[in-house]
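**Student:** What follows is input.cif, mmCIF, C-alpha atoms and all ligand atoms.
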data_final
loop_
_atom_site.label_atom_id
_atom_site.label_comp_id
_atom_site.auth_asym_id
_atom_site.auth_seq_id
_atom_site.Cartn_x
_atom_site.Cartn_y
_atom_site.Cartn_z
CA MET A 1 -12.64 -12.54 10.20
CA PRO A 2 -14.94 -9.51 10.70
CA ARG A 3 -13.15 -6.48 12.05
CA ARG A 4 -13.70 -5.53 15.69
CA PRO A 5 -16.20 -2.69 16.10
CA ALA A 6 -14.65 0.60 17.25
CA ASP A 7 -14.51 1.10 21.04
CA ALA A 8 -17.53 2.78 22.66
CA LEU A 9 -15.42 5.86 23.40
CA PHE A 10 -15.31 6.48 19.63
CA ALA A 11 -18.56 4.84 18.48
CA GLU A 12 -21.11 5.79 21.18
CA PRO A 13 -22.43 9.30 20.41
CA ARG A 14 -22.49 10.55 24.03
CA LEU A 15 -18.89 9.45 24.59
CA ALA A 16 -17.59 10.58 21.20
CA ALA A 17 -19.02 14.04 21.96
CA CYS A 18 -16.80 14.16 25.10
CA TYR A 19 -13.64 12.74 23.50
CA ASP A 20 -11.96 16.08 22.71
CA THR A 21 -12.40 17.31 26.30
CA PHE A 22 -11.08 14.04 27.78
CA ASP A 23 -8.11 14.20 25.42
CA GLY A 24 -7.19 17.76 26.45
CA GLU A 25 -4.71 20.00 24.63
CA ARG A 26 -3.62 18.35 21.37
CA ASP A 27 -0.05 19.62 21.25
CA ASP A 28 0.87 16.08 20.08
CA LEU A 29 -0.60 17.04 16.70
CA ASP A 30 1.84 19.96 16.22
CA HIS A 31 4.59 17.46 15.43
CA TYR A 32 2.53 15.89 12.62
CA GLN A 33 1.79 19.29 11.09
CA GLN A 34 5.52 20.01 11.23
CA ILE A 35 6.50 16.66 9.67
CA LEU A 36 3.97 17.06 6.85
CA ALA A 37 5.29 20.57 6.18
CA GLU A 38 8.88 19.20 6.14
CA LEU A 39 7.80 16.54 3.65
CA GLY A 40 6.04 19.13 1.49
CA ALA A 41 2.87 17.02 1.51
CA ARG A 42 -0.16 18.63 -0.15
CA THR A 43 -2.55 15.63 -0.20
CA VAL A 44 -2.90 13.70 3.05
CA ILE A 45 -4.83 10.71 4.37
CA ASP A 46 -5.67 10.87 8.10
CA LEU A 47 -6.46 7.26 9.00
CA GLY A 48 -8.35 6.74 12.25
CA CYS A 49 -9.12 10.48 12.24
CA GLY A 50 -11.55 10.16 15.16
CA THR A 51 -13.12 13.53 15.89
CA GLY A 52 -11.03 15.12 13.14
CA SER A 53 -8.78 17.38 15.24
CA LEU A 54 -5.81 17.01 12.89
CA ALA A 55 -7.83 16.82 9.67
CA VAL A 56 -9.44 20.24 10.15
CA ARG A 57 -6.09 21.79 11.13
CA LEU A 58 -4.42 20.44 7.98
CA ALA A 59 -7.33 21.53 5.78
CA ALA A 60 -7.07 25.04 7.30
CA ASP A 61 -3.40 25.02 6.20
CA GLY A 62 -4.62 24.40 2.63
CA LEU A 63 -3.86 20.67 2.40
CA ALA A 64 -6.30 18.32 0.63
CA VAL A 65 -7.30 15.90 3.41
CA THR A 66 -9.11 12.57 3.22
CA ALA A 67 -10.00 11.57 6.78
CA VAL A 68 -11.12 8.01 7.49
CA ASP A 69 -12.62 6.36 10.56
CA PRO A 70 -14.97 3.40 11.17
CA ALA A 71 -16.74 5.16 14.07
CA LEU A 72 -19.71 7.15 12.73
CA ALA A 73 -20.26 9.02 16.03
CA SER A 74 -16.68 10.35 15.93
CA LEU A 75 -17.05 11.39 12.29
CA ASP A 76 -20.29 13.21 13.19
CA VAL A 77 -18.36 15.23 15.79
CA ALA A 78 -15.65 15.90 13.21
CA ARG A 79 -18.14 17.04 10.57
CA GLY A 80 -19.51 19.63 13.01
CA LYS A 81 -16.15 21.40 13.44
CA PRO A 82 -15.39 24.76 11.79
CA GLY A 83 -13.74 24.13 8.42
CA ALA A 84 -14.94 20.50 8.28
CA GLU A 85 -16.45 21.14 4.86
CA ARG A 86 -12.92 21.36 3.41
CA VAL A 87 -12.20 17.74 4.43
CA THR A 88 -13.32 14.59 2.59
CA TRP A 89 -14.69 12.31 5.34
CA VAL A 90 -14.83 8.55 4.77
CA LEU A 91 -16.68 6.17 7.08
CA GLY A 92 -14.62 2.99 7.01
CA SER A 93 -11.04 1.83 7.14
CA ALA A 94 -7.95 1.98 4.93
CA GLU A 95 -9.29 -0.77 2.66
CA ASP A 96 -12.16 1.55 1.66
CA LEU A 97 -9.79 4.11 0.14
CA PRO A 98 -9.31 4.37 -3.61
CA ALA A 99 -5.84 4.78 -5.15
CA LEU A 100 -5.59 8.47 -4.24
CA GLY A 101 -1.93 8.94 -5.13
CA ALA A 102 -1.66 10.86 -1.86
CA ASP A 103 1.61 12.46 -0.71
CA ALA A 104 1.29 11.18 2.85
CA ALA A 105 -0.79 9.12 5.26
CA VAL A 106 -0.80 9.71 9.02
CA MET A 107 -2.10 7.82 12.03
CA THR A 108 -2.07 9.97 15.18
CA GLY A 109 -3.24 9.14 18.69
CA ASN A 110 -1.65 5.68 18.52
CA VAL A 111 -4.19 4.38 15.99
CA ALA A 112 -1.61 1.73 15.01
CA GLN A 113 -2.06 0.12 18.44
CA VAL A 114 -5.83 -0.15 18.00
CA LEU A 115 -5.16 -2.57 15.14
CA VAL A 116 -4.43 -5.48 17.47
CA ASP A 117 -4.99 -8.28 14.99
CA GLU A 118 -1.89 -8.85 12.87
CA ALA A 119 -3.97 -9.59 9.74
CA ASP A 120 -5.79 -6.23 10.17
CA TRP A 121 -2.50 -4.40 10.70
CA THR A 122 -0.96 -5.95 7.58
CA SER A 123 -4.06 -5.29 5.50
CA THR A 124 -4.18 -1.66 6.72
CA LEU A 125 -0.54 -1.04 5.83
CA ARG A 126 -1.01 -2.57 2.37
CA ALA A 127 -4.15 -0.51 1.76
CA LEU A 128 -2.33 2.69 2.77
CA HIS A 129 0.49 1.78 0.41
CA ALA A 130 -2.04 1.40 -2.42
CA ALA A 131 -3.61 4.79 -1.59
CA LEU A 132 -0.26 6.65 -1.62
CA ARG A 133 1.81 7.73 -4.60
CA ARG A 134 5.19 6.09 -5.11
CA GLY A 135 7.51 7.84 -2.66
CA GLY A 136 4.52 8.94 -0.56
CA ALA A 137 5.14 9.04 3.19
CA LEU A 138 3.61 6.95 5.95
CA VAL A 139 3.85 8.68 9.34
CA PHE A 140 2.52 7.15 12.53
CA GLU A 141 3.19 6.69 16.22
CA SER A 142 3.10 3.66 18.48
CA ARG A 143 3.96 3.54 22.18
CA ARG A 144 7.37 2.06 23.04
CA PRO A 145 6.74 -1.17 25.01
CA GLU A 146 9.85 -0.46 27.11
CA ALA A 147 8.24 2.75 28.44
CA ARG A 148 5.53 0.54 30.03
CA ALA A 149 2.71 3.10 29.71
CA TRP A 150 0.35 0.64 31.41
CA THR A 151 2.12 1.16 34.75
CA ARG A 152 0.92 4.79 34.68
CA TRP A 153 -2.58 3.67 33.67
CA GLN A 154 -2.59 1.28 36.65
CA ALA A 155 -2.15 4.34 38.89
CA ALA A 156 -5.04 6.26 37.25
CA THR A 157 -7.82 7.39 39.58
CA GLU A 158 -11.32 8.82 39.26
CA ALA A 159 -11.49 12.28 37.64
CA THR A 160 -14.24 14.85 37.25
CA HIS A 161 -14.64 16.82 34.03
CA LEU A 162 -16.92 19.76 33.32
CA LEU A 163 -17.98 19.74 29.69
CA PRO A 164 -19.70 22.65 27.96
CA GLY A 165 -23.24 21.64 27.00
CA VAL A 166 -22.91 18.27 28.76
CA GLY A 167 -22.27 19.07 32.41
CA ARG A 168 -20.29 17.02 34.89
CA VAL A 169 -18.82 13.69 33.79
CA ILE A 170 -16.87 11.46 36.18
CA THR A 171 -14.40 9.04 34.60
CA ARG A 172 -13.51 5.96 36.62
CA PRO A 173 -11.02 3.21 35.68
CA VAL A 174 -12.69 -0.19 36.16
CA ARG A 175 -10.32 -2.74 34.60
CA LEU A 176 -6.75 -3.05 33.40
CA GLU A 177 -5.33 -6.34 32.11
CA VAL A 178 -1.75 -6.64 30.95
CA ASP A 179 -1.22 -9.70 28.77
CA LEU A 180 1.66 -8.53 26.58
CA PRO A 181 1.77 -7.63 23.81
CA LEU A 182 -1.87 -6.75 24.55
CA VAL A 183 -3.14 -4.34 27.19
CA THR A 184 -6.89 -4.03 27.83
CA PHE A 185 -8.46 -1.30 29.89
CA GLU A 186 -12.02 -0.32 30.64
CA ASP A 187 -13.34 2.98 31.94
CA ALA A 188 -16.76 3.99 33.23
CA TYR A 189 -18.25 7.40 32.42
CA LEU A 190 -20.82 8.67 34.92
CA PHE A 191 -23.04 11.47 33.56
CA ALA A 192 -24.89 13.94 35.78
CA ASP A 193 -28.29 12.55 34.65
CA GLY A 194 -27.40 9.18 36.22
CA THR A 195 -26.37 7.44 32.99
CA THR A 196 -23.24 5.30 33.22
CA LEU A 197 -21.51 4.20 30.01
CA THR A 198 -18.41 2.04 29.77
CA SER A 199 -15.75 1.70 27.09
CA ALA A 200 -13.15 -1.06 26.82
CA SER A 201 -10.06 -0.84 24.61
CA THR A 202 -7.34 -3.31 23.72
CA LEU A 203 -4.01 -2.05 22.41
CA ARG A 204 -1.10 -3.96 20.92
CA PHE A 205 2.41 -2.90 21.91
CA ARG A 206 4.82 -3.62 19.03
CA SER A 207 8.59 -3.47 19.33
CA GLU A 208 10.68 -1.29 17.04
CA GLN A 209 11.73 -4.41 15.14
CA GLU A 210 8.13 -5.58 14.70
CA LEU A 211 7.13 -2.15 13.40
CA ARG A 212 10.07 -2.01 11.00
CA GLU A 213 9.39 -5.53 9.70
CA SER A 214 5.64 -5.05 9.21
CA VAL A 215 6.05 -1.72 7.44
CA THR A 216 8.84 -3.08 5.22
CA ALA A 217 6.77 -6.18 4.33
CA ALA A 218 3.92 -3.90 3.21
CA GLY A 219 6.17 -2.22 0.60
CA PHE A 220 7.67 0.73 2.48
CA THR A 221 11.23 1.77 3.28
CA VAL A 222 11.62 3.03 6.84
CA GLU A 223 13.43 6.38 6.72
CA GLU A 224 13.44 7.44 10.32
CA ILE A 225 12.09 6.77 13.78
CA ARG A 226 11.73 9.92 15.86
CA GLN A 227 10.66 10.81 19.37
CA ALA A 228 7.34 12.51 20.00
CA PRO A 229 8.53 15.91 21.35
CA ASP A 230 5.60 16.12 23.77
CA ARG A 231 6.21 12.54 25.08
CA PRO A 232 9.99 12.03 25.09
CA GLY A 233 11.08 8.40 25.44
CA GLN A 234 7.52 7.10 25.18
CA GLU A 235 6.71 6.86 21.47
CA PHE A 236 8.11 5.61 18.20
CA VAL A 237 7.19 8.13 15.48
CA LEU A 238 7.93 6.22 12.33
CA ILE A 239 8.40 7.83 8.92
CA ALA A 240 8.50 5.52 5.89
CA ARG A 241 8.25 5.91 2.10
CA ALA A 242 6.17 3.82 -0.30
CA ASN A 243 8.43 1.87 -2.68
C1 LIG B 1 -7.26 6.93 20.00
S1 LIG B 1 -8.32 7.32 18.67
C2 LIG B 1 -7.32 8.47 17.78
C3 LIG B 1 -8.13 9.43 16.95
C4 LIG B 1 -7.36 10.51 16.22
N1 LIG B 1 -6.38 9.97 15.30
C5 LIG B 1 -6.73 11.48 17.18
O1 LIG B 1 -5.49 11.63 17.18
O2 LIG B 1 -7.48 12.12 17.95
C6 LIG B 1 -8.27 5.84 17.67
C7 LIG B 1 -9.18 5.91 16.46
O3 LIG B 1 -8.95 4.74 15.66
C8 LIG B 1 -10.18 4.40 15.07
N2 LIG B 1 -10.13 3.02 14.55
C9 LIG B 1 -10.54 1.87 15.14
N3 LIG B 1 -10.37 0.82 14.29
C10 LIG B 1 -9.85 1.32 13.15
C11 LIG B 1 -9.47 0.77 11.90
N4 LIG B 1 -9.58 -0.53 11.64
N5 LIG B 1 -8.99 1.59 10.94
C12 LIG B 1 -8.86 2.90 11.17
N6 LIG B 1 -9.20 3.50 12.34
C13 LIG B 1 -9.69 2.73 13.31
C14 LIG B 1 -11.18 4.61 16.19
O4 LIG B 1 -12.51 4.67 15.73
C15 LIG B 1 -10.67 5.92 16.78
O5 LIG B 1 -11.27 7.03 16.19
#
Let's see the structure in the file written out as structure tokens.
**Tutor:**
Amino acid sequence: MPRRPADALFAEPRLAACYDTFDGERDDLDHYQQILAELGARTVIDLGCGTGSLAVRLAADGLAVTAVDPALASLDVARGKPGAERVTWVLGSAEDLPALGADAAVMTGNVAQVLVDEADWTSTLRALHAALRRGGALVFESRRPEARAWTRWQAATEATHLLPGVGRVITRPVRLEVDLPLVTFEDAYLFADGTTLTSASTLRFRSEQELRESVTAAGFTVEEIRQAPDRPGQEFVLIARAN
């Protein structure tokens, strides 16, 4: 089955250019920098790197980073960031990676939940395993279903953002469907020139047991599941090692 195209928020150039502003302060990434330092990782895969916020930070720390994403518009934003030339950017998905023998692979920003199809999820985990060295670490987050993040999204209202070089952008929630384990939401983006773009996303909420089983089946040993310090009680941050 062909893979779903990336959501417009990541793949449409005008929206991808706004993503970093919509996403705000990225203190969630501090934890990943800390974990990679703890693990002593020197070569890292950033899968679903999006606009490259983590990849350029890690490269600035001296790590060798291969950053992968299927959304060209997001990679174009990433490539324009200071220090981007130190990162190896790959347009594609985990299956496009060679056997890098990397020390670690990360998926931040709940990339794991974007992989809604179980066959895609399994294939992604296997491909990451093949790209890591034996003993290499897999580190990713996924929202805890029991924290019911969608109830907060249901309460979301229109917001106005002022973006440098873009102007005013109004974001407006237009749809939210909860059909567990899937949650679909759609937002409209109203630009000052009268253009309205929309982006729909579907996320899969996996239980701790489902995450443990899928990661184990792909050839990893789960070492630890932590909290995300910036989102206590809301996320599984899973750390596993390639067997
Ligand atoms: C919520 S964004 C997170 C981006 C980035 N990791 C961050 O923390 O800012 C999800 C990303 O997953 C990417 N994505 C979608 N399908 C993917 C796939 N099959 N493999 C890898 N990444 C994918 C999207 O293009 C998007 O950039």
**Student:** Can you tell me which residues come within 8 Å of ligand LIG 1 (chain B) when counting all atoms listed in the file, ideally as an mmCIF file with C-alpha atoms, in the frame of the given file?
**Tutor:**
data_model
loop_
_atom_site.group_PDB
_atom_site.id
_atom_site.type_symbol
_atom_site.label_atom_id
_atom_site.label_comp_id
_atom_site.auth_asym_id
_atom_site.auth_seq_id
_atom_site.Cartn_x
_atom_site.Cartn_y
_atom_site.Cartn_z
ATOM 1 C CA ARG A 3 -13.150 -6.480 12.050
ATOM 2 C CA ARG A 4 -13.700 -5.530 15.690
ATOM 3 C CA PRO A 5 -16.200 -2.690 16.100
ATOM 4 C CA ALA A 6 -14.650 0.600 17.250
ATOM 5 C CA ASP A 7 -14.510 1.100 21.040
ATOM 6 C CA PHE A 10 -15.310 6.480 19.630
ATOM 7 C CA ALA A 11 -18.560 4.840 18.480
ATOM 8 C CA ASP A 20 -11.960 16.080 22.710
ATOM 9 C CA ASP A 23 -8.110 14.200 25.420
ATOM 10 C CA LEU A 29 -0.600 17.040 16.700
ATOM 11 C CA ASP A 46 -5.670 10.870 8.100
ATOM 12 C CA LEU A 47 -6.460 7.260 9.000
ATOM 13 C CA GLY A 48 -8.350 6.740 12.250
ATOM 14 C CA CYS A 49 -9.120 10.480 12.240
ATOM 15 C CA GLY A 50 -11.550 10.160 15.160
ATOM 16 C CA THR A 51 -13.120 13.530 15.890
ATOM 17 C CA GLY A 52 -11.030 15.120 13.140
ATOM 18 C CA SER A 53 -8.780 17.380 15.240
ATOM 19 C CA LEU A 54 -5.810 17.010 12.890
ATOM 20 C CA VAL A 68 -11.120 8.010 7.490
ATOM 21 C CA ASP A 69 -12.620 6.360 10.560
ATOM 22 C CA PRO A 70 -14.970 3.400 11.170
ATOM 23 C CA ALA A 71 -16.740 5.160 14.070
ATOM 24 C CA SER A 74 -16.680 10.350 15.930
ATOM 25 C CA GLY A 92 -14.620 2.990 7.010
ATOM 26 C CA SER A 93 -11.040 1.830 7.140
ATOM 27 C CA ALA A 94 -7.950 1.980 4.930
ATOM 28 C CA MET A 107 -2.100 7.820 12.030
ATOM 29 C CA THR A 108 -2.070 9.970 15.180
ATOM 30 C CA GLY A 109 -3.240 9.140 18.690
ATOM 31 C CA ASN A 110 -1.650 5.680 18.520
ATOM 32 C CA VAL A 111 -4.190 4.380 15.990
ATOM 33 C CA ALA A 112 -1.610 1.730 15.010
ATOM 34 C CA VAL A 114 -5.830 -0.150 18.000
ATOM 35 C CA LEU A 115 -5.160 -2.570 15.140
ATOM 36 C CA ASP A 120 -5.790 -6.230 10.170
ATOM 37 C CA THR A 124 -4.180 -1.660 6.720
#
**Student:** Set the distance at 6 Å and use all atoms listed in the file: which residues neighbour Val139 (chain A) once local chain neighbours fewer than 2 positions away are removed? I'd like the list as a ChimeraX atom specification.
**Tutor:** /A:106,238-239
**Student:** Excluding Leu176 (chain A) and any residue of its chain fewer than 5 positions from it, enumerate the residues within 7 Å of it, using only C-alpha atoms, and give them as a list in words.
**Tutor:**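 Here the answer would be Gln154, Thr184, Phe185 and Glu186 of chain A.
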**Student:** Please, could you write that set of residues out with C-alpha atoms as a tab-separated table (two decimals), keeping the file's coordinate frame?
**Tutor:**
chain	number	residue	atom	x	y	z
A	154	GLN	CA	-2.59	1.28	36.65
A	184	THR	CA	-6.89	-4.03	27.83
A	185	PHE	CA	-8.46	-1.30	29.89
A	186	GLU	CA	-12.02	-0.32	30.64
**Student:** Could you work out how far CA of Phe205 (chain A) lies from CA of Asp117 (chain A), giving the answer in Å with one decimal?
**Tutor:** 11.5 Å
**Student:** Check the smallest atom-to-atom distance from each of A:Gly167, A:Gly233, A:Gly83, A:Gly136 to Arg14 (chain A) using all atoms listed in the file, then report the winner.
**Tutor:**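 Answer, going by the shortest atom-to-atom distance: A:Gly167.
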**Student:** Just give me the gap between CA of Val183 (chain A) and CA of Arg204 (chain A) in Å, one decimal is fine.
**Tutor:**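 Atom-to-atom, CA of Val183 (chain A) to CA of Arg204 (chain A), that is 6.6 Å.
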**Student:** Could you tell me how far CA of Asp103 (chain A) lies from CA of Ile35 (chain A), in Å and to one decimal?
**Tutor:**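 Rounded to one decimal, the two atoms are 12.2 Å apart.
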**Student:** Using all atoms listed in the file for the distances, tell me which of A:Arg42, A:Arg79, A:Arg133, A:Arg241 is nearest to Val65 (chain A).
**Tutor:**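 Of A:Arg42, A:Arg79, A:Arg133, A:Arg241, the one nearest Val65 (chain A), counting all atoms listed in the file, is A:Arg42.
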**Student:** With region 212-231 of chain A as the partner and 9 Å as the cut-off, tabulate the residues of region 137-189 of chain A that qualify, each row holding the nearest pair of atoms and their distance in Å to one decimal, using only C-alpha atoms, sorted by chain and rising number, as a tab-separated table.
**Tutor:**
residue	atom	partner	partner_atom	distance
A:Ala137	CA	A:Phe220	CA	8.7
A:Leu138	CA	A:Phe220	CA	8.2
A:Glu141	CA	A:Ala228	CA	8.1
